[in-house]
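Beneath this line is the structure, given in structure tokens, with notes to follow.
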Amino acid sequence: MTLFVDIAPETQQSDDSGPGRAPRKSRLRRLAVRAGLPLLSVVAFLVAWELVALSGIWNETFVPHLSTVWRAFVDMSTTHDGVRGYQGYFWWEHLYMTLRRVFAGVLIGVAVGVALGLAMGTIGWVRRLLEPWLTFLRALPPLAYFFLLVIWLGIDEAPKITLLALAALPPAAVATTAAVRAAPVGLVEAARALGATPREAIRDVVVPSALPETFTGIRLSVGIAYSSVVAAELFNGIPGIGGVVKDASNYNNTPVVLVGIFAIGFSGLIIDALLRAIEHRAVPWRGKI
């Protein structure tokens, strides 16, 4: 009797610990795969880059060594030979100015784009009136109208922010229009049958159902605006990462150009991750209606 009493709890404990350990290992494995694969791809890219640089296939002006790029990054982060960073600003100061311009442009472009998209999705004549202009604007590369903006607005902050706003507007408007038009008709009719006014149906049914795709449009707007930042900072762009890239390219300073590109790319990844986190919290019903 004592034997069974002593063994039973141990057996039960062993049985309980087995299933608990398996999910934990599964979570750790998923985490390792999610974090390890991107890290592995970055390491593979850096190794391949250094091998190409060492092979001498291309001149170091085109493919500099990683150590040269690192020295450029250190120079842009410190005061050296009496020079503060690059052109008198550290790299994070350049990045801050660029992000400030992008934030202002995206805020204006997305606000106007979402408002236009809501109107175009709910009012047919507004859509027919504005859709050709949105298509026209979306087809234009930023450089096509940036010089016109410089003529109109000068070379200070106004043309830069206007360019970024114009780049961010069409994706937000198009995505919102499509999302509003795709709102479930059954839910709208059910709301109307329960006594909702057209405005209440739009507010309580159409807008929530359109939010997931609208967030997708916002993410696209941010990406397109951020990819236009070098064009936006062609004139009087320092301080600014785009201005750094443009200025360094004038002197074939490839290491500094690469530092600027990496700063834009990595900050873009962080911004997109923040937008996805906001979307996850703000639109928990994505895919459930």
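In the structure tokens, chains take the letters A, B, ... in the order shown, each chain's residues start at 1, and ligands count up from 1 in the order shown.
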Contacts of Gly88 of chain A at 12 Å (only C-alpha atoms; same-chain gap of 2+ positions) as a PyMOL selection string:
chain A and resi 75-86+90-94+238-240+244
Using only C-alpha atoms, which protein or nucleic acid residues come within 12 Å of Ile261 of chain A? Drop anything in the same chain fewer than 2 positions from it, and give the result as a list in words.
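Contacts, with the query itself left out: Val69, Phe73, Trp91, Leu95, Tyr226, Ser227, Val229, Val230, Gly240, Ile241, Gly242, Gly243, Val244, Val245, Lys246, Ala248, Ser249, Thr254, Pro255, Val256, Val257, Leu258, Val259, Ala263, Ile264, Gly265, Phe266, Ser267 and Gly268 of chain A.
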Emit the selected residues as a short mmCIF file (atom, residue, chain, number, x, y, z; two decimals), in the first residue's frame, including N, CA, C and O atoms.
```cif
data_model
loop_
_atom_site.label_atom_id
_atom_site.label_comp_id
_atom_site.auth_asym_id
_atom_site.auth_seq_id
_atom_site.Cartn_x
_atom_site.Cartn_y
_atom_site.Cartn_z
N VAL A 69 32.83 50.48 -44.52
CA VAL A 69 31.48 50.97 -44.21
C VAL A 69 31.35 51.23 -42.71
O VAL A 69 30.74 52.22 -42.29
N PHE A 73 30.43 54.67 -40.67
CA PHE A 73 29.39 54.76 -39.65
C PHE A 73 29.95 55.38 -38.37
O PHE A 73 29.29 56.24 -37.75
N TRP A 91 24.61 60.99 -37.53
CA TRP A 91 23.67 60.27 -38.40
C TRP A 91 22.27 60.23 -37.80
O TRP A 91 21.28 60.29 -38.53
N LEU A 95 18.74 61.37 -39.41
CA LEU A 95 17.58 60.47 -39.43
C LEU A 95 16.38 61.13 -38.76
O LEU A 95 15.24 60.99 -39.24
N TYR A 226 8.27 56.92 -47.61
CA TYR A 226 9.64 56.75 -47.14
C TYR A 226 10.59 56.47 -48.30
O TYR A 226 11.74 56.88 -48.28
N SER A 227 10.08 55.75 -49.31
CA SER A 227 10.94 55.48 -50.48
C SER A 227 11.15 56.73 -51.32
O SER A 227 12.04 56.74 -52.19
N VAL A 229 11.87 59.67 -49.95
CA VAL A 229 12.52 60.67 -49.11
C VAL A 229 13.81 61.19 -49.74
O VAL A 229 14.17 62.36 -49.56
N VAL A 230 14.51 60.35 -50.51
CA VAL A 230 15.74 60.84 -51.17
C VAL A 230 15.39 61.91 -52.19
O VAL A 230 16.06 62.95 -52.29
N GLY A 240 19.41 65.49 -43.03
CA GLY A 240 18.44 64.53 -43.54
C GLY A 240 19.18 63.37 -44.17
O GLY A 240 20.20 63.56 -44.85
N ILE A 241 18.67 62.16 -43.96
CA ILE A 241 19.35 60.98 -44.50
C ILE A 241 19.34 60.98 -46.02
O ILE A 241 20.32 60.63 -46.67
N GLY A 242 18.21 61.39 -46.61
CA GLY A 242 18.16 61.47 -48.06
C GLY A 242 19.17 62.48 -48.59
O GLY A 242 19.82 62.24 -49.62
N GLY A 243 19.31 63.60 -47.90
CA GLY A 243 20.31 64.58 -48.30
C GLY A 243 21.72 64.04 -48.17
O GLY A 243 22.59 64.33 -49.01
N VAL A 244 21.96 63.23 -47.14
CA VAL A 244 23.28 62.61 -46.98
C VAL A 244 23.58 61.68 -48.15
O VAL A 244 24.68 61.71 -48.72
N VAL A 245 22.61 60.85 -48.52
CA VAL A 245 22.81 59.91 -49.63
C VAL A 245 23.08 60.67 -50.92
O VAL A 245 23.99 60.32 -51.69
N LYS A 246 22.30 61.72 -51.17
CA LYS A 246 22.49 62.50 -52.40
C LYS A 246 23.84 63.19 -52.40
O LYS A 246 24.57 63.17 -53.40
N ALA A 248 26.61 62.45 -50.63
CA ALA A 248 27.73 61.51 -50.70
C ALA A 248 27.86 60.90 -52.09
O ALA A 248 28.98 60.62 -52.55
N SER A 249 26.73 60.69 -52.77
CA SER A 249 26.81 60.12 -54.12
C SER A 249 27.48 61.08 -55.09
O SER A 249 28.07 60.63 -56.09
N THR A 254 30.78 55.86 -51.49
CA THR A 254 29.88 54.71 -51.36
C THR A 254 29.66 54.28 -49.92
O THR A 254 28.53 53.94 -49.55
N PRO A 255 30.67 54.26 -49.05
CA PRO A 255 30.41 53.85 -47.65
C PRO A 255 29.36 54.71 -46.97
O PRO A 255 28.47 54.19 -46.28
N VAL A 256 29.42 56.02 -47.15
CA VAL A 256 28.42 56.90 -46.53
C VAL A 256 27.05 56.68 -47.16
O VAL A 256 26.02 56.68 -46.47
N VAL A 257 27.02 56.46 -48.47
CA VAL A 257 25.74 56.14 -49.13
C VAL A 257 25.14 54.88 -48.53
O VAL A 257 23.93 54.82 -48.26
N LEU A 258 25.96 53.88 -48.30
CA LEU A 258 25.45 52.62 -47.73
C LEU A 258 24.97 52.82 -46.30
O LEU A 258 23.95 52.24 -45.91
N VAL A 259 25.68 53.63 -45.52
CA VAL A 259 25.21 53.91 -44.15
C VAL A 259 23.84 54.57 -44.21
O VAL A 259 22.93 54.23 -43.45
N ALA A 263 20.36 53.02 -42.78
CA ALA A 263 19.57 53.78 -41.80
C ALA A 263 18.12 53.90 -42.25
O ALA A 263 17.18 53.73 -41.46
N ILE A 264 17.92 54.18 -43.54
CA ILE A 264 16.56 54.28 -44.06
C ILE A 264 15.85 52.92 -43.99
O ILE A 264 14.70 52.82 -43.57
N GLY A 265 16.57 51.87 -44.40
CA GLY A 265 15.95 50.54 -44.43
C GLY A 265 15.58 50.02 -43.06
O GLY A 265 14.44 49.56 -42.84
N PHE A 266 16.52 50.11 -42.11
CA PHE A 266 16.24 49.58 -40.76
C PHE A 266 15.18 50.40 -40.04
O PHE A 266 14.31 49.85 -39.35
N SER A 267 15.21 51.71 -40.19
CA SER A 267 14.17 52.52 -39.58
C SER A 267 12.82 52.24 -40.22
O SER A 267 11.78 52.25 -39.55
N GLY A 268 12.82 51.95 -41.52
CA GLY A 268 11.57 51.57 -42.18
C GLY A 268 11.01 50.26 -41.63
O GLY A 268 9.79 50.12 -41.46
#
```
Quick one: residues within 9 Å of segment 53-67 of chain A, only C-alpha atoms, excluding same-chain residues fewer than 5 positions away - as a PyMOL selection string?
chain A and resi 46+48+72+252-255
Quick one, how far is atom CA of Trp125 of chain A from atom CA of Pro212 of chain A?
25.0 Å
Distance in Å - atom CA of Val206 of chain A versus atom CA of Val188 of chain A:
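Rounded to one decimal, the two atoms are 7.3 Å apart.
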I'd like the contact shell of Leu118 of chain A - 12 Å cut-off, only C-alpha atoms, skipping same-chain residues fewer than 2 positions apart - returned as an MDAnalysis selection string.
chainID A and resid 110:116 120:124 126:127 172:183 202:203 206:208 210:211 214
My list of candidates is A:Ala119, A:Val222, A:Ala231, A:Leu107. Which is closest to Leu269 of chain A when distances are computed with only C-alpha atoms?
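The closest residue to Leu269 of chain A is A:Val222.
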